[in-house]
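> Pasting data-v8.txt here (compact mmCIF, C-alpha atoms):
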```
# COMPACT_ATOMS: atom_id res chain seq x y z
CA MET A 1 0.00 0.00 0.00
CA SER A 2 1.13 3.52 -0.74
CA SER A 3 2.00 6.22 1.75
CA ARG A 4 -1.44 7.69 1.02
CA ALA A 5 -2.97 4.55 2.54
CA ASN A 6 -0.89 5.25 5.64
CA ASP A 7 -2.21 8.80 5.71
CA ALA A 8 -5.75 7.45 5.42
CA ALA A 9 -5.07 5.03 8.28
CA ILE A 10 -3.83 7.84 10.52
CA LEU A 11 -6.80 10.03 9.62
CA ALA A 12 -9.22 7.20 10.48
CA GLY A 13 -7.48 6.82 13.83
CA LEU A 14 -7.70 10.56 14.46
CA PHE A 15 -11.42 10.49 13.71
CA TRP A 16 -11.75 7.79 16.37
CA CYS A 17 -9.71 9.81 18.87
CA VAL A 18 -11.88 12.89 18.44
CA GLY A 19 -15.11 10.91 18.60
CA GLY A 20 -13.97 8.83 21.56
CA ILE A 21 -12.95 11.65 23.91
CA GLU A 22 -15.51 12.34 26.63
CA LEU A 23 -15.72 16.14 26.68
CA ASN A 24 -16.86 16.38 30.29
CA ALA A 25 -14.07 14.08 31.48
CA PRO A 26 -11.44 13.72 28.74
CA GLN A 27 -9.51 10.46 29.01
CA LEU A 28 -5.75 10.81 29.25
CA ASP A 29 -5.04 7.84 26.97
CA ARG A 30 -7.22 9.15 24.16
CA VAL A 31 -5.80 12.66 24.30
CA VAL A 32 -2.28 11.19 24.17
CA LEU A 33 -3.33 8.98 21.23
CA LEU A 34 -4.76 12.06 19.49
CA ILE A 35 -1.50 13.97 19.86
CA ALA A 36 0.52 10.93 18.76
CA GLY A 37 -1.69 10.59 15.68
CA VAL A 38 -1.15 14.22 14.71
CA VAL A 39 2.61 13.72 15.00
CA LEU A 40 2.42 10.54 12.90
CA LEU A 41 0.39 12.30 10.23
CA GLY A 42 2.85 15.18 10.07
CA LEU A 43 5.80 12.81 9.68
CA SER A 44 3.96 10.73 7.09
CA LEU A 45 3.06 13.76 5.01
CA THR A 46 6.74 14.71 4.83
CA GLY A 47 7.46 11.36 3.18
CA ARG A 48 8.83 9.48 6.19
CA ASP A 49 7.71 5.85 6.40
CA GLN A 50 5.61 5.51 9.55
CA GLY A 51 3.96 2.15 8.81
CA LYS A 52 5.39 0.31 11.83
CA PHE A 53 4.50 3.10 14.22
CA ILE A 54 0.97 3.36 12.80
CA CYS A 55 0.48 -0.36 13.49
CA TRP A 56 1.47 -0.09 17.14
CA TRP A 57 -0.58 3.09 17.46
CA ALA A 58 -3.50 1.01 16.15
CA VAL A 59 -2.85 -1.62 18.83
CA LEU A 60 -3.03 1.07 21.53
CA ILE A 61 -6.25 2.40 20.02
CA GLY A 62 -7.69 -1.11 19.97
CA ILE A 63 -6.81 -1.59 23.63
CA SER A 64 -8.33 1.75 24.62
CA GLU A 65 -11.51 1.15 22.63
CA ARG A 66 -12.10 -2.33 24.02
CA LEU A 67 -11.03 -2.00 27.65
CA SER A 68 -13.30 1.02 28.06
CA ARG A 69 -16.34 -1.18 27.47
CA ALA A 70 -17.83 -3.27 30.29
CA PRO A 71 -19.49 -6.62 29.51
CA LEU A 72 -23.27 -6.31 29.16
CA LEU A 73 -25.28 -8.05 31.83
CA ASP A 74 -28.37 -8.46 29.64
CA GLY A 75 -26.73 -9.09 26.28
CA SER A 76 -26.65 -12.20 24.13
CA ASP A 77 -27.19 -15.54 25.82
CA VAL A 78 -24.36 -17.21 23.88
CA LEU A 79 -21.67 -16.90 26.54
CA ARG A 80 -24.13 -17.75 29.28
CA ALA A 81 -24.92 -20.95 27.39
CA THR A 82 -21.22 -21.64 26.90
CA GLU A 83 -20.53 -21.11 30.60
CA GLU A 84 -23.35 -23.48 31.49
CA ALA A 85 -22.11 -26.06 28.99
CA LEU A 86 -18.62 -25.88 30.50
CA LEU A 87 -20.07 -26.38 33.97
CA ASN A 88 -21.97 -29.43 32.73
CA LEU A 89 -18.80 -30.79 31.17
CA GLN A 90 -16.88 -30.12 34.39
CA HIS A 91 -19.40 -32.31 36.22
CA GLY A 92 -19.08 -35.13 33.72
CA LEU A 93 -22.25 -34.34 31.80
CA ASN A 94 -22.51 -34.18 28.03
CA PRO A 95 -23.09 -30.51 27.11
CA TYR A 96 -24.97 -31.60 23.98
CA THR A 97 -27.56 -33.71 25.81
CA VAL A 98 -28.32 -31.59 28.88
CA PRO A 99 -30.96 -28.90 28.18
CA LEU A 100 -29.60 -25.41 28.78
CA THR A 101 -31.47 -23.30 31.31
CA SER A 102 -29.63 -19.99 30.81
CA THR A 103 -30.70 -19.47 27.20
CA ILE A 104 -33.55 -17.43 25.75
CA PRO A 105 -35.82 -19.35 25.62
CA PRO A 106 -34.73 -21.91 28.23
CA GLY A 107 -33.96 -25.33 26.82
CA SER A 108 -32.25 -24.02 23.67
CA PRO A 109 -29.65 -26.29 22.03
CA LEU A 110 -25.89 -25.81 22.19
CA VAL A 111 -25.32 -25.17 18.50
CA TYR A 112 -21.58 -24.51 18.72
CA PRO A 113 -19.03 -27.27 18.11
CA PRO A 114 -16.53 -28.30 20.82
CA GLY A 115 -13.84 -25.93 19.54
CA GLU A 116 -15.86 -23.09 21.02
CA LEU A 117 -15.79 -24.75 24.44
CA LEU A 118 -12.03 -25.23 24.15
CA TRP A 119 -11.48 -21.51 23.53
CA TYR A 120 -13.33 -20.45 26.66
CA LEU A 121 -12.19 -23.36 28.86
CA PRO A 122 -8.98 -21.73 30.24
CA ALA A 123 -10.80 -18.58 31.40
CA HIS A 124 -13.57 -20.69 32.89
CA ALA A 125 -11.09 -22.90 34.73
CA LEU A 126 -8.86 -20.08 35.98
CA PHE A 127 -11.26 -17.21 36.61
CA HIS A 128 -14.78 -18.69 36.47
CA ASP A 129 -15.56 -15.84 34.09
CA ILE A 130 -15.42 -15.93 30.29
CA THR A 131 -16.95 -12.54 29.55
CA ARG A 132 -13.62 -10.86 28.75
CA MET A 133 -12.33 -13.47 26.31
CA ASP A 134 -13.81 -11.66 23.33
CA THR A 135 -12.31 -8.38 24.53
CA LEU A 136 -8.95 -10.15 24.53
CA ALA A 137 -9.67 -11.64 21.11
CA GLY A 138 -10.48 -8.22 19.65
CA ILE A 139 -7.24 -6.74 20.97
CA LEU A 140 -5.24 -9.72 19.75
CA THR A 141 -6.82 -9.44 16.30
CA THR A 142 -5.31 -5.97 15.90
CA VAL A 143 -1.98 -7.24 17.30
CA VAL A 144 -1.87 -10.19 14.89
CA ILE A 145 -2.76 -8.05 11.86
CA SER A 146 0.06 -5.70 12.87
CA VAL A 147 2.60 -8.46 13.48
CA VAL A 148 2.03 -9.74 9.94
CA GLY A 149 3.72 -6.51 8.87
CA LEU A 150 7.03 -8.14 9.82
CA ARG A 151 6.61 -10.38 6.78
CA VAL A 152 4.43 -8.50 4.31
CA GLY A 153 5.49 -4.93 5.09
CA TRP A 154 4.15 -2.44 7.59
CA ASP A 155 2.54 -0.25 4.94
CA ARG A 156 0.35 -3.16 3.84
CA VAL A 157 -1.13 -3.83 7.26
CA ALA A 158 -1.38 -0.33 8.76
CA LEU A 159 -4.76 0.54 7.26
CA PRO A 160 -6.45 -2.82 8.07
CA ALA A 161 -5.07 -2.66 11.61
CA VAL A 162 -6.43 0.85 12.21
CA LEU A 163 -9.77 0.06 10.59
CA TYR A 164 -10.31 -2.90 12.87
CA ALA A 165 -8.94 -1.20 15.97
CA THR A 166 -11.32 1.75 15.60
CA TRP A 167 -14.39 -0.30 14.61
CA GLY A 168 -16.87 0.45 17.35
CA ILE A 169 -19.28 -2.34 16.44
CA GLY A 170 -16.47 -4.88 16.55
CA ALA A 171 -15.58 -3.63 20.03
CA PHE A 172 -19.19 -3.56 21.22
CA ARG A 173 -19.83 -7.11 20.02
CA ALA A 174 -16.85 -8.22 22.12
CA VAL A 175 -18.78 -7.39 25.30
CA ASP A 176 -22.38 -8.17 24.34
CA GLY A 177 -22.21 -11.86 25.24
CA SER A 178 -21.70 -13.22 21.71
CA ASN A 179 -18.70 -15.29 20.60
CA ASP A 180 -18.12 -14.05 17.06
CA VAL A 181 -15.11 -11.85 17.79
CA SER A 182 -13.29 -14.82 19.28
CA ALA A 183 -14.35 -17.11 16.44
CA ALA A 184 -12.97 -14.62 13.90
CA PHE A 185 -9.71 -14.29 15.82
CA VAL A 186 -8.96 -18.00 15.45
CA VAL A 187 -9.30 -17.61 11.66
CA VAL A 188 -7.11 -14.48 11.72
CA LEU A 189 -4.46 -16.36 13.69
CA ALA A 190 -4.48 -19.21 11.18
CA LEU A 191 -4.00 -16.82 8.25
CA ALA A 192 -1.22 -14.95 10.02
CA LEU A 193 0.66 -18.16 10.73
CA LEU A 194 0.30 -19.14 7.07
CA VAL A 195 2.09 -15.95 6.05
CA PHE A 196 5.11 -17.05 8.10
CA ALA A 197 4.88 -20.65 6.86
CA ASP A 198 7.77 -20.89 4.44
CA GLY A 199 9.32 -24.28 3.90
CA ASP A 200 12.91 -23.15 4.29
CA SER A 201 13.18 -23.11 8.07
CA ARG A 202 12.04 -25.09 11.07
CA PHE A 203 10.02 -22.10 12.23
CA GLY A 204 8.34 -21.84 8.83
CA ARG A 205 7.40 -25.52 8.82
CA LEU A 206 6.07 -25.23 12.37
CA ALA A 207 4.03 -22.17 11.37
CA PHE A 208 2.53 -24.18 8.50
CA VAL A 209 1.41 -26.93 10.88
CA LEU A 210 0.10 -24.48 13.48
CA SER A 211 -1.81 -22.59 10.79
CA ALA A 212 -3.53 -25.80 9.73
CA VAL A 213 -4.33 -26.65 13.34
CA ALA A 214 -5.75 -23.16 13.96
CA LEU A 215 -7.95 -23.24 10.85
CA GLY A 216 -9.21 -26.68 11.81
CA TRP A 217 -9.97 -25.31 15.26
CA ALA A 218 -11.82 -22.39 13.63
CA VAL A 219 -14.09 -24.84 11.79
CA ALA A 220 -14.70 -26.70 15.07
CA PHE A 221 -15.43 -23.35 16.77
CA LYS A 222 -18.07 -21.85 14.51
CA GLN A 223 -19.50 -23.28 11.31
CA PHE A 224 -18.76 -20.18 9.20
CA ALA A 225 -15.15 -21.29 8.76
CA VAL A 226 -16.24 -24.43 6.94
CA VAL A 227 -16.30 -22.36 3.72
CA ILE A 228 -13.02 -20.55 4.41
CA LEU A 229 -10.95 -23.73 4.85
CA PRO A 230 -11.54 -25.18 1.34
CA LEU A 231 -10.80 -21.84 -0.31
CA VAL A 232 -7.52 -21.52 1.58
CA LEU A 233 -6.72 -25.09 0.49
CA ARG A 234 -7.51 -24.10 -3.09
CA HIS A 235 -5.04 -21.22 -2.89
CA LEU A 236 -2.39 -23.52 -1.43
CA ALA A 237 -2.92 -25.87 -4.38
CA VAL A 238 -2.61 -22.97 -6.84
CA ALA A 239 0.55 -21.79 -5.05
CA GLY A 240 2.10 -25.25 -5.20
CA ARG A 241 2.22 -25.66 -1.43
CA GLY A 242 1.38 -28.81 0.51
CA TRP A 243 -2.39 -28.43 0.50
CA ARG A 244 -2.96 -32.12 1.16
CA THR A 245 -0.81 -32.00 4.29
CA TYR A 246 -2.56 -28.82 5.39
CA ALA A 247 -5.96 -30.44 4.80
CA LEU A 248 -5.02 -33.59 6.72
CA ILE A 249 -3.80 -31.58 9.71
CA SER A 250 -6.91 -29.38 9.70
CA LEU A 251 -9.24 -32.36 9.39
CA ALA A 252 -7.35 -34.20 12.12
CA THR A 253 -7.77 -31.18 14.39
CA ILE A 254 -11.48 -31.07 13.67
CA GLY A 255 -11.67 -34.79 14.37
CA VAL A 256 -9.82 -34.55 17.68
CA LEU A 257 -12.24 -31.87 18.86
CA VAL A 258 -15.47 -33.25 17.45
CA VAL A 259 -15.25 -37.06 17.44
CA PRO A 260 -15.26 -37.57 21.26
CA PHE A 261 -18.58 -35.72 21.55
CA LEU A 262 -19.92 -37.37 18.40
CA VAL A 263 -19.17 -40.82 19.83
CA TRP A 264 -20.51 -39.82 23.26
CA ALA A 265 -24.00 -39.07 21.90
CA PRO A 266 -24.18 -39.20 18.07
CA GLY A 267 -27.84 -38.33 17.64
CA ALA A 268 -27.83 -35.45 20.11
CA PHE A 269 -24.59 -33.96 18.79
CA ILE A 270 -25.66 -34.06 15.13
CA SER A 271 -29.12 -32.67 15.84
CA GLN A 272 -27.68 -29.83 17.91
CA GLN A 273 -25.25 -28.86 15.15
CA LEU A 274 -27.94 -28.96 12.46
CA ALA A 275 -30.12 -26.79 14.67
CA THR A 276 -27.94 -23.84 13.74
CA LEU A 277 -29.85 -23.79 10.41
CA THR A 278 -33.34 -24.07 11.84
CA PHE A 279 -33.32 -22.90 15.46
CA HIS A 280 -34.31 -19.29 14.77
CA THR A 281 -37.80 -19.31 13.30
CA GLU A 282 -38.62 -15.59 13.30
CA VAL A 283 -37.71 -13.21 10.48
CA TRP A 284 -35.29 -10.70 11.97
CA GLY A 285 -32.00 -8.89 11.46
CA ALA A 286 -29.76 -7.58 8.72
CA ASN A 287 -30.96 -9.68 5.81
CA ILE A 288 -33.15 -9.55 2.72
CA PRO A 289 -36.17 -11.41 4.14
CA ALA A 290 -36.35 -9.01 7.10
CA VAL A 291 -36.24 -6.00 4.77
CA LEU A 292 -38.98 -7.40 2.54
CA ASN A 293 -41.04 -8.31 5.59
CA GLU A 294 -41.25 -4.60 6.41
CA TYR A 295 -43.39 -4.12 3.31
CA VAL A 296 -45.14 -7.43 2.68
CA ASP A 297 -45.84 -10.66 4.52
CA ILE A 298 -43.21 -13.13 3.29
CA THR A 299 -44.22 -16.12 5.41
CA GLY A 300 -45.03 -18.14 2.31
CA TRP A 301 -41.67 -17.29 0.76
CA LEU A 302 -39.54 -18.52 3.66
CA PRO A 303 -39.04 -22.06 2.28
CA ILE A 304 -37.80 -20.49 -0.96
CA PHE A 305 -35.34 -18.28 0.91
CA PHE A 306 -34.13 -21.25 2.94
CA ALA A 307 -33.57 -23.32 -0.21
CA ALA A 308 -31.87 -20.37 -1.91
CA GLU A 309 -29.61 -19.85 1.11
CA ILE A 310 -28.38 -23.45 0.95
CA LEU A 311 -28.23 -23.87 -2.83
CA LEU A 312 -26.65 -20.51 -3.67
CA THR A 313 -24.09 -20.84 -0.90
CA VAL A 314 -23.05 -24.27 -2.17
CA MET A 315 -23.09 -23.22 -5.84
CA ILE A 316 -20.99 -20.11 -5.25
CA LEU A 317 -18.51 -22.07 -3.14
CA VAL A 318 -18.18 -24.71 -5.87
CA LEU A 319 -17.61 -22.04 -8.52
CA LEU A 320 -14.97 -20.32 -6.40
CA LEU A 321 -13.21 -23.63 -5.83
CA ARG A 322 -12.90 -23.99 -9.60
CA ALA A 323 -11.19 -20.58 -9.77
CA ARG A 324 -7.56 -19.87 -9.01
CA PRO A 325 -7.37 -17.49 -6.03
CA ALA A 326 -3.98 -15.86 -6.51
CA THR A 327 -3.39 -14.78 -2.92
CA ILE A 328 -4.24 -15.70 0.64
CA GLY A 329 -6.26 -12.50 0.98
CA ILE A 330 -8.32 -13.11 -2.17
CA ALA A 331 -9.11 -16.67 -1.06
CA THR A 332 -10.22 -15.31 2.32
CA PHE A 333 -12.31 -12.54 0.79
CA ALA A 334 -13.97 -15.20 -1.35
CA GLY A 335 -14.87 -17.11 1.80
CA CYS A 336 -16.27 -13.95 3.36
CA GLY A 337 -18.37 -13.45 0.24
CA VAL A 338 -19.87 -16.92 0.49
CA ILE A 339 -20.74 -16.35 4.15
CA LEU A 340 -22.25 -12.96 3.27
CA VAL A 341 -24.59 -14.55 0.72
CA ALA A 342 -25.82 -16.98 3.36
CA LEU A 343 -26.33 -14.18 5.90
CA LEU A 344 -28.29 -12.02 3.47
CA LEU A 345 -30.64 -14.85 2.54
CA ALA A 346 -31.12 -16.23 6.06
CA ARG A 347 -34.30 -15.44 7.96
CA TRP A 348 -32.40 -14.50 11.14
CA THR A 349 -29.11 -12.58 10.97
CA THR A 350 -27.68 -10.84 13.99
CA GLN A 351 -25.03 -8.12 13.89
CA PRO A 352 -22.30 -10.21 15.59
CA TYR A 353 -22.21 -12.37 12.45
CA TYR A 354 -21.02 -9.31 10.57
CA ALA A 355 -18.48 -8.65 13.33
CA TYR A 356 -17.07 -12.09 12.49
CA LEU A 357 -16.83 -11.14 8.82
CA GLY A 358 -15.24 -7.81 9.70
CA GLY A 359 -12.37 -9.35 11.65
CA VAL A 360 -11.65 -11.91 8.94
CA ALA A 361 -11.98 -9.33 6.16
CA ALA A 362 -9.52 -6.99 7.90
CA MET A 363 -6.88 -9.72 7.77
CA ALA A 364 -7.84 -10.54 4.18
CA LEU A 365 -7.21 -6.90 3.23
CA ALA A 366 -3.77 -7.07 4.82
CA LEU A 367 -2.97 -10.17 2.76
CA VAL A 368 -4.74 -9.25 -0.46
CA ASP A 369 -1.55 -9.45 -2.53
CA ARG A 370 0.37 -12.14 -0.63
CA ASP A 371 0.60 -15.62 -2.02
CA ALA A 372 1.58 -18.74 -0.08
CA ARG A 373 4.56 -19.80 -2.15
CA THR A 374 7.05 -18.07 0.11
CA GLY A 375 4.77 -15.47 1.70
CA ARG A 376 5.76 -13.07 -1.08
CA ALA A 377 3.80 -10.43 -2.95
CA SER A 378 1.84 -11.49 -5.98
CA GLY A 379 1.35 -9.38 -9.03
CA VAL A 380 -2.05 -10.95 -9.69
CA ARG A 381 -4.90 -9.21 -7.91
CA ASP A 382 -7.96 -11.10 -9.15
CA VAL A 383 -9.56 -14.52 -9.02
CA GLY A 384 -9.69 -16.36 -12.29
```
I need this file expressed as structure tokens, please.

Amino acid sequence: MSSRANDAAILAGLFWCVGGIELNAPQLDRVVLLIAGVVLLGLSLTGRDQGKFICWWAVLIGISERLSRAPLLDGSDVLRATEEALLNLQHGLNPYTVPLTSTIPPGSPLVYPPGELLWYLPAHALFHDITRMDTLAGILTTVVISVVGLRVGWDRVALPAVLYATWGIGAFRAVDGSNDVSAAFVVVLALALLVFADGDSRFGRLAFVLSAVALGWAVAFKQFAVVILPLVLRHLAVAGRGWRTYALISLATIGVLVVPFLVWAPGAFISQQLATLTFHTEVWGANIPAVLNEYVDITGWLPIFFAAEILLTVMILVLLLRARPATIGIATFAGCGVILVALLLARWTTQPYYAYLGGVAAMALALVDRDARTGRASGVRDVG
């Protein structure tokens, strides 16, 4: 990215600083960040490369934005359900067979795979509180995007890092009781590790393995990643990397997380996972059916929308898998596009789903011209 992209990144951060300062009680950290941003902009406009400093400025902004928000007590029931499921597991009960009492309505299924439980398990075991894990994930997302600058160049990651750090909705959805910020972070981590996964060093080979493990974990965390994994594999095949090895490691990771619960209670586990498609029966949220329902009763059209959601998602994914995504970022953007189609056609689409897409898309933007051959820049910028 050009120096003008750096200037745009700084300006976006300055907009956040101004908007985030409480006039009646101005916060010291935000005033300092405002002054630092002005200095960075001045230096950047004189032609000095400030990419690295913009990235770490973005990290500080991300910390300030997220730590200033307290977890909502009456937010989403997702983390309450996760906490209850972990308690059941701690007492030797199958979290996929015991009805949940903390959900709205009570008795709702646990629709998240075991990878989600694994993410929150350490905080549950150590602190008996998982409400800050998504705050941590949001901060770490900005950190990881910035760290990728070590390999791809600071100027390429500065704007995505600032955009994500200053994204108020992404920060709010980290404290509203949903799990999408954390789910996105696991994908972001997998992509970042892939950038460092050259085959010329022990560290590079380890990064390749860890990337595959992380992306497998992402699939076993939240079902959205099931469309990102094959597109990343497709790019690895195009780039001549070991896509079969990557696939085997990812699938093995999914198996390690999922199979024990599948064997424990096959019928209950499968039905709970499929419930993610049918659990919400009302028309609501940021989607096409909800918009149309404002003007006309679409009850009779819902089966058509459901069929279109499944068929179009599968068809678009198949078409994209026949293409040749030239970079890691393009492959990831393609995955985001497939998920977006499903969200727009679904009858129930909550804002945290878009927070998931935002975190993954920010990393995709940072990697939009990086291929997986040696983590180098690619001159090809399209899919085809």
> Within 9 Å of Ala220 of chain A, counting all atoms listed in the file, which residues show up once you throw out same-chain ones fewer than 3 positions away? Write them as a PyMOL selection string, please.
chain A and resi 112-116+215-217+223+225-226+253-255+257-258
> What gap, in Å, lies between atom CA of Leu11 of chain A and atom CA of Gly51 of chain A?
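One can read the atom CA of Leu11 of chain A to atom CA of Gly51 of chain A distance as 13.4 Å.
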> Leaving out segment 15-26 of chain A and any residue of its chain fewer than 3 positions from it, which residues lie within 12 Å of it when counting only C-alpha atoms, given as number ranges by chain?
A: 8-12, 29-38, 57-58, 60-62, 64-66, 68-69, 162-168
> Here's a test: counting only C-alpha atoms, identify every protein, DNA and RNA residue with an atom at most 10 Å from (-21.3, -10.6, 25.8) in the file's coordinate frame, and state them as number ranges by chain.
A: 70-80, 130-135, 172-180
> Could you please determine the separation between atom CA of Ala361 of chain A and atom CA of Thr245 of chain A in Å, to one decimal place?
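Distance reported for this atom pair: 25.3 Å.
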> Find the residue from A:Thr278, A:Ser108, A:Thr349, A:Ser250 that sits nearest to Ala290 of chain A; use all atoms listed in the file when measuring.
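Among the listed residues, A:Thr349 lies closest to Ala290 of chain A.
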> Please, what distance in Å, to one decimal, runs between atom CA of Gln50 of chain A and atom CA of Val152 of chain A?
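Computing the Euclidean distance for atom CA of Gln50 of chain A and atom CA of Val152 of chain A yields 15.0 Å.
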> For segment 59-75 of chain A, I'd like the enclosing box, axis-aligned and padded by 6 Å on every side, reported as lines of an AutoDock Vina configuration file with centre and edge lengths in Å to one decimal.

```
center_x = -15.6
center_y = -3.3
center_z = 25.3
size_x = 37.5
size_y = 23.5
size_z = 25.0
```
> Ranking A:Val213, A:Leu110, A:Ala308, A:Val187 by minimum distance to Phe269 of chain A and counting all atoms listed in the file, which one comes first?
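Distance minimum relative to Phe269 of chain A lands on A:Leu110.
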> With distances taken over all atoms listed in the file, which residue among A:Ala184, A:Leu126, A:Ala265, A:Val283 lies nearest Thr97 of chain A?
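Once distances to Thr97 of chain A are computed over all atoms listed in the file, the minimum belongs to A:Ala265.
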> Can you list, as a VMD selection string, every protein, DNA or RNA residue that comes within 10 Å of Thr281 of chain A when you count all atoms listed in the file, leaving out same-chain residues fewer than 6 positions away?
chain A and resid 302 347 to 348
> So, counting all atoms listed in the file, which residue among A:Arg370, A:Arg241, A:His235, A:His91 is closest to Arg322 of chain A?
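For Arg322 of chain A, the nearest of the given residues is A:His235.
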> Counting all atoms listed in the file, figure out which residue out of A:Asn287, A:Thr101, A:Gln351, A:Thr332 gets nearest to Leu229 of chain A.
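Smallest separation from Leu229 of chain A among the options: A:Thr332.
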> Can you work out which one of A:Ala218, A:Leu193, A:Met363, A:Leu40 has the shortest atom-to-atom distance to Leu117 of chain A, counting only C-alpha atoms?
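Comparing A:Ala218, A:Leu193, A:Met363, A:Leu40 against Leu117 of chain A, the winner is A:Ala218.
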> Around the point (-2.0, -9.3, 14.4) (coordinates from the file), which residues reach within 9 Å if we count all atoms listed in the file? Answer as a VMD selection string.
chain A and resid 59 139 to 149 161 188 to 189 192 363
> Got time to write the residues from that selection, C-alpha atoms, as an mmCIF file, in the coordinates of the input?

```
data_model
loop_
_atom_site.group_PDB
_atom_site.id
_atom_site.type_symbol
_atom_site.label_atom_id
_atom_site.label_comp_id
_atom_site.auth_asym_id
_atom_site.auth_seq_id
_atom_site.Cartn_x
_atom_site.Cartn_y
_atom_site.Cartn_z
ATOM 1 C CA VAL A 59 -2.850 -1.620 18.830
ATOM 2 C CA ILE A 139 -7.240 -6.740 20.970
ATOM 3 C CA LEU A 140 -5.240 -9.720 19.750
ATOM 4 C CA THR A 141 -6.820 -9.440 16.300
ATOM 5 C CA THR A 142 -5.310 -5.970 15.900
ATOM 6 C CA VAL A 143 -1.980 -7.240 17.300
ATOM 7 C CA VAL A 144 -1.870 -10.190 14.890
ATOM 8 C CA ILE A 145 -2.760 -8.050 11.860
ATOM 9 C CA SER A 146 0.060 -5.700 12.870
ATOM 10 C CA VAL A 147 2.600 -8.460 13.480
ATOM 11 C CA VAL A 148 2.030 -9.740 9.940
ATOM 12 C CA GLY A 149 3.720 -6.510 8.870
ATOM 13 C CA ALA A 161 -5.070 -2.660 11.610
ATOM 14 C CA VAL A 188 -7.110 -14.480 11.720
ATOM 15 C CA LEU A 189 -4.460 -16.360 13.690
ATOM 16 C CA ALA A 192 -1.220 -14.950 10.020
ATOM 17 C CA MET A 363 -6.880 -9.720 7.770
#
```
> Please identify all polymer residues within 12 Å of Ala323 of chain A, counting all atoms listed in the file, omitting same-chain residues fewer than 2 positions from it, and present them as a list in words.
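Here the qualifying residues turn out to be Leu231, Val232, Arg234, His235, Ala237, Val238, Ile316, Leu317, Val318, Leu319, Leu320, Leu321, Pro325, Ala326, Thr327, Ile330, Ala331, Ala334, Asp382, Val383 and Gly384 of chain A.
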> Based on the selection just made, write C-alpha atoms of those residues as a CSV table (one decimal), keeping the file's coordinate frame.

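Dumped everything to part-v9.csv:
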```
chain,number,residue,atom,x,y,z
A,231,LEU,CA,-10.8,-21.8,-0.3
A,232,VAL,CA,-7.5,-21.5,1.6
A,234,ARG,CA,-7.5,-24.1,-3.1
A,235,HIS,CA,-5.0,-21.2,-2.9
A,237,ALA,CA,-2.9,-25.9,-4.4
A,238,VAL,CA,-2.6,-23.0,-6.8
A,316,ILE,CA,-21.0,-20.1,-5.2
A,317,LEU,CA,-18.5,-22.1,-3.1
A,318,VAL,CA,-18.2,-24.7,-5.9
A,319,LEU,CA,-17.6,-22.0,-8.5
A,320,LEU,CA,-15.0,-20.3,-6.4
A,321,LEU,CA,-13.2,-23.6,-5.8
A,325,PRO,CA,-7.4,-17.5,-6.0
A,326,ALA,CA,-4.0,-15.9,-6.5
A,327,THR,CA,-3.4,-14.8,-2.9
A,330,ILE,CA,-8.3,-13.1,-2.2
A,331,ALA,CA,-9.1,-16.7,-1.1
A,334,ALA,CA,-14.0,-15.2,-1.4
A,382,ASP,CA,-8.0,-11.1,-9.2
A,383,VAL,CA,-9.6,-14.5,-9.0
A,384,GLY,CA,-9.7,-16.4,-12.3
```
